[in-house]
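S.K.: File name query.cif; file contents mmCIF, C-alpha atoms and all ligand atoms; full text below.
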```
data_entry
#
loop_
_atom_site.label_atom_id
_atom_site.label_comp_id
_atom_site.auth_asym_id
_atom_site.auth_seq_id
_atom_site.Cartn_x
_atom_site.Cartn_y
_atom_site.Cartn_z
CA MET A 8 5.90 -15.27 52.43
CA ILE A 9 8.93 -13.00 52.75
CA SER A 10 10.95 -15.07 50.33
CA GLY A 11 7.95 -14.92 47.99
CA LEU A 12 7.97 -11.15 48.16
CA ILE A 13 11.69 -11.05 47.63
CA SER A 14 11.48 -13.18 44.53
CA TYR A 15 8.55 -11.10 43.30
CA PHE A 16 10.56 -7.92 43.54
CA SER A 17 13.90 -9.43 42.58
CA PRO A 18 15.69 -7.44 39.87
CA ILE A 19 15.65 -10.48 37.59
CA ALA A 20 11.87 -10.93 37.91
CA VAL A 21 11.30 -7.23 37.31
CA PHE A 22 13.63 -7.34 34.33
CA GLU A 23 11.87 -10.39 32.89
CA SER A 24 8.42 -8.88 33.23
CA LEU A 25 9.58 -5.60 31.70
CA LYS A 26 11.23 -7.51 28.89
CA SER A 27 8.06 -9.42 28.10
CA LEU A 28 6.18 -6.12 28.05
CA PHE A 29 8.46 -4.83 25.30
CA THR A 30 9.07 -7.98 23.31
CA GLU A 31 5.59 -9.47 23.37
CA LYS A 32 4.21 -9.38 19.87
CA ARG A 33 0.86 -7.71 19.51
CA CYS A 34 -1.46 -7.71 16.54
CA PRO A 35 -1.50 -4.21 14.98
CA VAL A 36 -5.21 -4.59 14.24
CA CYS A 37 -6.85 -6.05 17.36
CA HIS A 38 -3.87 -5.60 19.74
CA ALA A 39 -4.12 -9.19 20.98
CA PRO A 40 -0.78 -10.76 21.99
CA HIS A 41 0.19 -13.60 19.67
CA SER A 42 3.06 -15.75 18.47
CA ASN A 43 2.08 -15.99 14.81
CA THR A 44 5.04 -15.60 12.43
CA LYS A 45 3.00 -13.05 10.45
CA LEU A 46 2.55 -9.52 11.73
CA LEU A 47 -1.16 -10.11 12.28
CA CYS A 48 -2.63 -12.48 14.83
CA PRO A 49 -4.10 -15.69 13.31
CA ASN A 50 -7.67 -14.32 13.63
CA CYS A 51 -7.07 -11.10 11.74
CA TYR A 52 -4.81 -12.81 9.23
CA ASN A 53 -7.47 -15.41 8.41
CA LYS A 54 -10.09 -12.71 8.17
CA ILE A 55 -8.15 -10.94 5.42
CA ILE A 56 -7.41 -14.21 3.63
CA ASN A 57 -11.09 -15.22 3.70
CA GLU A 58 -12.20 -11.81 2.51
CA SER A 59 -9.61 -12.07 -0.25
CA GLU A 60 -11.23 -15.05 -1.85
CA HIS A 61 -12.82 -13.93 -5.03
CA ASP A 62 -13.80 -15.17 -8.42
CA GLU A 63 -10.66 -15.27 -10.58
CA THR A 64 -12.66 -14.52 -13.70
CA THR A 65 -13.42 -11.02 -12.45
CA LYS A 66 -9.72 -10.26 -12.01
CA PRO A 67 -8.41 -8.13 -14.85
CA GLN A 68 -5.14 -9.44 -16.23
CA ASP A 69 -3.39 -6.08 -16.42
CA ILE A 70 -3.68 -5.16 -12.77
CA TYR A 71 -1.90 -7.01 -10.00
CA PHE A 72 -3.59 -6.67 -6.63
CA TYR A 73 -3.57 -8.36 -3.24
CA ALA A 74 -7.27 -8.48 -2.45
CA PRO A 75 -10.58 -6.78 -3.20
CA TYR A 76 -11.05 -3.35 -1.66
CA ARG A 77 -13.46 -4.32 1.10
CA GLY A 78 -13.68 -5.60 4.66
CA LEU A 79 -10.72 -5.51 7.01
CA LEU A 80 -8.15 -4.67 4.33
CA ARG A 81 -10.16 -1.61 3.30
CA ASP A 82 -10.43 -0.50 6.94
CA LEU A 83 -6.68 -0.89 7.39
CA ILE A 84 -5.85 1.14 4.28
CA ILE A 85 -8.22 3.95 5.27
CA ASP A 86 -6.83 4.05 8.80
CA TRP A 87 -3.29 4.04 7.41
CA LYS A 88 -3.86 6.93 5.02
CA PHE A 89 -6.36 9.18 6.67
CA ASN A 90 -5.62 8.70 10.35
CA ASN A 91 -1.88 8.61 9.67
CA ASN A 92 -1.66 5.20 11.27
CA PHE A 93 1.90 4.69 10.14
CA GLY A 94 2.06 1.43 12.09
CA TYR A 95 0.38 -0.43 9.23
CA SER A 96 3.17 0.39 6.77
CA ALA A 97 5.14 -2.81 7.41
CA LEU A 98 2.07 -5.01 7.14
CA LEU A 99 0.77 -3.44 3.94
CA SER A 100 4.26 -3.46 2.41
CA GLN A 101 4.38 -7.17 3.15
CA PHE A 102 1.12 -7.66 1.23
CA ALA A 103 2.44 -5.62 -1.71
CA ALA A 104 5.66 -7.64 -1.70
CA SER A 105 3.70 -10.86 -1.96
CA VAL A 106 1.86 -9.48 -5.01
CA ALA A 107 5.20 -8.53 -6.58
CA GLU A 108 6.44 -12.08 -6.05
CA SER A 109 3.58 -13.34 -8.22
CA ILE A 110 4.77 -11.33 -11.26
CA PRO A 111 6.56 -13.74 -13.63
CA GLU A 112 10.29 -13.07 -14.10
CA THR A 113 9.86 -12.66 -17.85
CA VAL A 114 7.54 -9.66 -17.54
CA ARG A 115 9.21 -7.82 -14.71
CA PRO A 116 9.43 -4.04 -15.28
CA ASP A 117 12.50 -1.85 -15.69
CA ILE A 118 11.24 0.83 -13.32
CA THR A 119 8.80 0.95 -10.41
CA VAL A 120 6.93 4.24 -10.19
CA PRO A 121 4.72 5.23 -7.24
CA VAL A 122 1.67 7.41 -7.91
CA PRO A 123 2.89 10.75 -6.59
CA LEU A 124 1.27 13.00 -4.02
CA HIS A 125 1.47 16.74 -4.42
CA PRO A 126 4.28 18.09 -2.16
CA SER A 127 1.82 20.04 -0.02
CA ARG A 128 -0.29 16.95 0.58
CA LEU A 129 2.85 14.94 1.31
CA ARG A 130 3.83 17.46 3.98
CA LYS A 131 0.38 17.20 5.51
CA ARG A 132 0.22 13.41 5.58
CA GLY A 133 3.90 12.90 6.34
CA PHE A 134 4.24 9.96 3.97
CA ASN A 135 3.22 8.87 0.50
CA GLN A 136 1.50 5.51 0.91
CA SER A 137 2.23 4.55 -2.70
CA ARG A 138 5.93 5.30 -2.25
CA ILE A 139 6.07 3.04 0.81
CA ILE A 140 4.60 0.01 -0.92
CA ALA A 141 6.50 0.74 -4.17
CA ASP A 142 9.70 0.47 -2.15
CA SER A 143 9.00 -3.11 -1.07
CA VAL A 144 7.78 -3.99 -4.58
CA ALA A 145 10.98 -2.64 -6.20
CA THR A 146 13.10 -4.61 -3.75
CA ILE A 147 11.32 -7.87 -4.60
CA LEU A 148 11.52 -7.23 -8.35
CA GLY A 149 15.08 -5.95 -8.34
CA ALA A 150 13.75 -3.00 -10.35
CA GLU A 151 14.81 0.59 -9.96
CA LEU A 152 12.37 2.82 -8.05
CA SER A 153 12.01 6.34 -9.37
CA ASP A 154 10.44 9.24 -7.49
CA ARG A 155 11.21 11.60 -10.34
CA ALA A 156 9.64 9.64 -13.20
CA LEU A 157 6.20 11.00 -12.44
CA VAL A 158 5.29 14.16 -10.53
CA ARG A 159 1.98 15.73 -9.61
CA ASN A 160 1.66 19.27 -10.94
CA ARG A 161 -1.20 20.50 -8.86
CA ILE A 162 -3.46 19.60 -5.99
CA THR A 163 -6.52 17.76 -7.19
CA ILE A 164 -9.84 17.34 -5.43
CA PRO A 165 -10.14 13.82 -3.91
CA GLN A 166 -11.67 11.71 -6.69
CA ALA A 167 -14.26 10.09 -4.43
CA LYS A 168 -16.05 13.44 -4.11
CA LEU A 169 -16.61 13.83 -7.84
CA SER A 170 -18.87 12.50 -10.58
CA ARG A 171 -17.40 10.40 -13.37
CA GLU A 172 -17.07 13.28 -15.85
CA LYS A 173 -15.62 15.62 -13.24
CA ARG A 174 -13.02 12.99 -12.31
CA THR A 175 -11.49 12.96 -15.77
CA GLU A 176 -11.52 16.75 -15.88
CA ASN A 177 -10.07 17.00 -12.37
CA LEU A 178 -7.04 14.92 -13.30
CA LYS A 179 -6.41 16.27 -16.77
CA ASN A 180 -2.72 17.15 -17.07
CA ALA A 181 -2.33 16.73 -13.32
CA PHE A 182 0.86 14.71 -13.84
CA THR A 183 4.12 15.17 -15.72
CA ALA A 184 6.43 12.31 -16.67
CA GLU A 185 10.19 12.70 -16.97
CA LYS A 186 11.05 11.54 -20.49
CA SER A 187 14.75 11.02 -19.81
CA ILE A 188 13.89 8.43 -17.15
CA ILE A 189 11.05 6.49 -18.72
CA ALA A 190 11.44 6.62 -22.51
CA GLY A 191 11.85 3.10 -23.88
CA LYS A 192 11.26 1.51 -20.48
CA THR A 193 8.65 -0.86 -19.10
CA ILE A 194 6.96 0.60 -16.04
CA LEU A 195 5.16 -0.82 -13.03
CA LEU A 196 2.89 1.87 -11.62
CA VAL A 197 2.17 1.37 -7.92
CA ASP A 198 -0.71 2.74 -5.85
CA ASP A 199 -2.50 1.70 -2.68
CA VAL A 200 -5.97 1.27 -4.16
CA TYR A 201 -7.70 1.12 -7.50
CA THR A 202 -11.29 2.28 -7.21
CA THR A 203 -12.61 4.20 -10.21
CA GLY A 204 -9.32 3.78 -12.06
CA SER A 205 -9.21 7.41 -13.16
CA THR A 206 -5.97 8.26 -11.34
CA ILE A 207 -4.22 5.15 -12.63
CA HIS A 208 -5.44 5.79 -16.17
CA GLU A 209 -4.26 9.38 -16.18
CA CYS A 210 -0.84 8.34 -14.82
CA SER A 211 -0.54 5.55 -17.42
CA ARG A 212 -1.56 7.89 -20.22
CA THR A 213 1.06 10.42 -19.14
CA LEU A 214 3.79 7.76 -18.96
CA ILE A 215 2.95 6.30 -22.37
CA GLU A 216 2.82 9.75 -23.92
CA ALA A 217 6.31 10.40 -22.56
CA GLY A 218 7.65 7.26 -24.23
CA ALA A 219 7.15 4.32 -21.86
CA ILE A 220 6.86 1.04 -23.81
CA LYS A 221 4.40 -0.54 -21.42
CA VAL A 222 2.72 0.36 -18.15
CA GLU A 223 1.46 -2.29 -15.76
CA VAL A 224 -0.24 -1.65 -12.47
CA LEU A 225 0.15 -3.03 -8.96
CA VAL A 226 -2.17 -2.02 -6.12
CA LEU A 227 -2.90 -3.42 -2.68
CA ALA A 228 -6.62 -3.48 -3.18
CA LYS A 229 -9.00 -3.11 -6.07
CA THR A 230 -12.71 -2.50 -6.26
CA LEU A 231 -14.30 -5.43 -8.06
CA LEU A 232 -16.78 -4.49 -10.75
ZN ZN B 301 -5.60 -9.42 15.42
#
```
Here is the file; what I need is its structure written in the form of structure tokens.
M.R.:
Amino acid sequence: MISGLISYFSPIAVFESLKSLFTEKRCPVCHAPHSNTKLLCPNCYNKIINESEHDETTKPQDIYFYAPYRGLLRDLIIDWKFNNNFGYSALLSQFAASVAESIPETVRPDITVPVPLHPSRLRKRGFNQSRIIADSVATILGAELSDRALVRNRITIPQAKLSREKRTENLKNAFTAEKSIIAGKTILLVDDVYTTGSTIHECSRTLIEAGAIKVEVLVLAKTLL
């Protein structure tokens, strides 16, 4: 009994239990402990994979994306962006990196450009979600990442709150592209989600107008039509 107590409180036992508390891997979604090699536990990982299955014929060829914008992935992205759940950054970067790996070597871009946030919104959120995933994409592609290639001139109303016509108007001339960086280059534009496409289209238009040869798009999740 006494020896039992001694071993229970022995410094080594205390150290071991503390160590397991700090090194035990927990799923960032459901918080269950797990030993999966992925960041997510097997349950959550499979959930995203299953929800990702979609008809290939509905996938547009000019947009690379990880999965449809629905289910668990959609919840994660919303939590990441709007509740500032920065903990999902590594996981979502990993998804973006796996999309980048699927881009054939022959069509890899010269420059990776994240969709910019206005500086005041960046200060509020603390991070630009597009910049975070663009970073992992650029690393995989061995392409330069440029924060200065595209800037947002003014704060725009969140697109989801507007009608289709108002969306185009809302974004008109909202961005400026830096000619000296992008002229004559192929660009991969990176954003977290593609929903109505109006932001991506306005960014692409601005880049092409400033002399980009080609603009392709990579997002984590895309609304399927
Ligand atoms: Zn989980």
S.K.: Out of A:Asp69, A:Ala184, A:Ala145, A:Leu83, which residue has the shortest atom-to-atom distance to ligand ZN 301 (chain B) when counting only C-alpha atoms and all ligand atoms?
M.R.: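 Checking each of A:Asp69, A:Ala184, A:Ala145, A:Leu83 against ligand ZN 301 (chain B), counting only C-alpha atoms and all ligand atoms, the winner is A:Leu83.
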S.K.: Could you tell me, counting only C-alpha atoms and all ligand atoms, which protein and nucleic acid residues lie no more than 7 Å from ligand ZN 301 (chain B), written as a PyMOL selection string?
M.R.: chain A and resi 34-39+47-51
S.K.: For a cutoff of 9 Å around the file-coordinate point (-8.8, 3.7, -8.0), which residues qualify once you count all atoms listed in the file? I'd like the result as a compact mmCIF listing (two decimals) with C-alpha atoms, in the frame of the given file.
M.R.:
```txt
# COMPACT_ATOMS: atom_id res chain seq x y z
CA GLN A 166 -11.67 11.71 -6.69
CA ASP A 198 -0.71 2.74 -5.85
CA ASP A 199 -2.50 1.70 -2.68
CA VAL A 200 -5.97 1.27 -4.16
CA TYR A 201 -7.70 1.12 -7.50
CA THR A 202 -11.29 2.28 -7.21
CA THR A 203 -12.61 4.20 -10.21
CA GLY A 204 -9.32 3.78 -12.06
CA SER A 205 -9.21 7.41 -13.16
CA THR A 206 -5.97 8.26 -11.34
CA ILE A 207 -4.22 5.15 -12.63
CA VAL A 226 -2.17 -2.02 -6.12
CA ALA A 228 -6.62 -3.48 -3.18
CA LYS A 229 -9.00 -3.11 -6.07
CA THR A 230 -12.71 -2.50 -6.26
```
S.K.: Rounded to one decimal, what separation in Å do you get between CA of Arg33 in chain A and CA of Gln101 in chain A?
M.R.: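 Separation between CA of Arg33 in chain A and CA of Gln101 in chain A: 16.7 Å.
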S.K.: Under the rule that only C-alpha atoms are counted, which of A:Lys131, A:His125, A:Arg138, A:Lys88 is the nearest residue to Ile164 in chain A?
M.R.: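 Going through A:Lys131, A:His125, A:Arg138, A:Lys88 one by one, the smallest distance to Ile164 in chain A is for A:His125.
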S.K.: Report, in Å with one decimal, the straight-line distance from CA of Ile140 in chain A to CA of Trp87 in chain A.
M.R.: 12.2 Å
S.K.: Measuring between only C-alpha atoms, which one of A:Cys210, A:Leu225, A:Ala219, A:Ala107 shows the shortest distance to Leu178 in chain A?
M.R.: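 Among the listed residues, the smallest separation from Leu178 in chain A belongs to A:Cys210.
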S.K.: List the spatial neighbours of Glu209 in chain A as a list in words - criterion: any atom at most 12 Å away, only C-alpha atoms, same-chain residues fewer than 4 positions off excluded.
M.R.: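 My reading of the contact set: Val122, Leu157, Arg159, Arg174, Thr175, Glu176, Asn177, Leu178, Lys179, Asn180, Ala181, Phe182, Thr183, Ala184, Leu196, Thr203, Gly204, Ser205, Thr213, Leu214, Ile215, Glu216 and Val222 of chain A.
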S.K.: Please give the centre and size of the box around range 207-218 of chain A (axis-aligned, containing every atom listed in the file, 4 Å added per side), with values in Å to one decimal and written as JSON.
M.R.:
```
{"center_x": 1.1, "center_y": 7.8, "center_z": -18.4, "size_x": 21.1, "size_y": 13.3, "size_z": 19.6}
```
S.K.: Would you work out the distance separating CA of Phe134 in chain A from CA of Asn53 in chain A, expressed in Å to one decimal?
M.R.: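 The value is 28.3 Å.
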S.K.: Restricting the calculation to all atoms listed in the file, which member of A:Gly218, A:Arg212, A:Val158, A:Asn43 is positioned closest to Ser187 in chain A?
M.R.: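 Smallest distance to Ser187 in chain A is found for A:Gly218.
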S.K.: From the list A:Pro40, A:Gly78, A:Gly149, A:Gly133, which residue is nearest Thr119 in chain A when using all atoms listed in the file?
M.R.: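 Distance minimum relative to Thr119 in chain A lands on A:Gly149.
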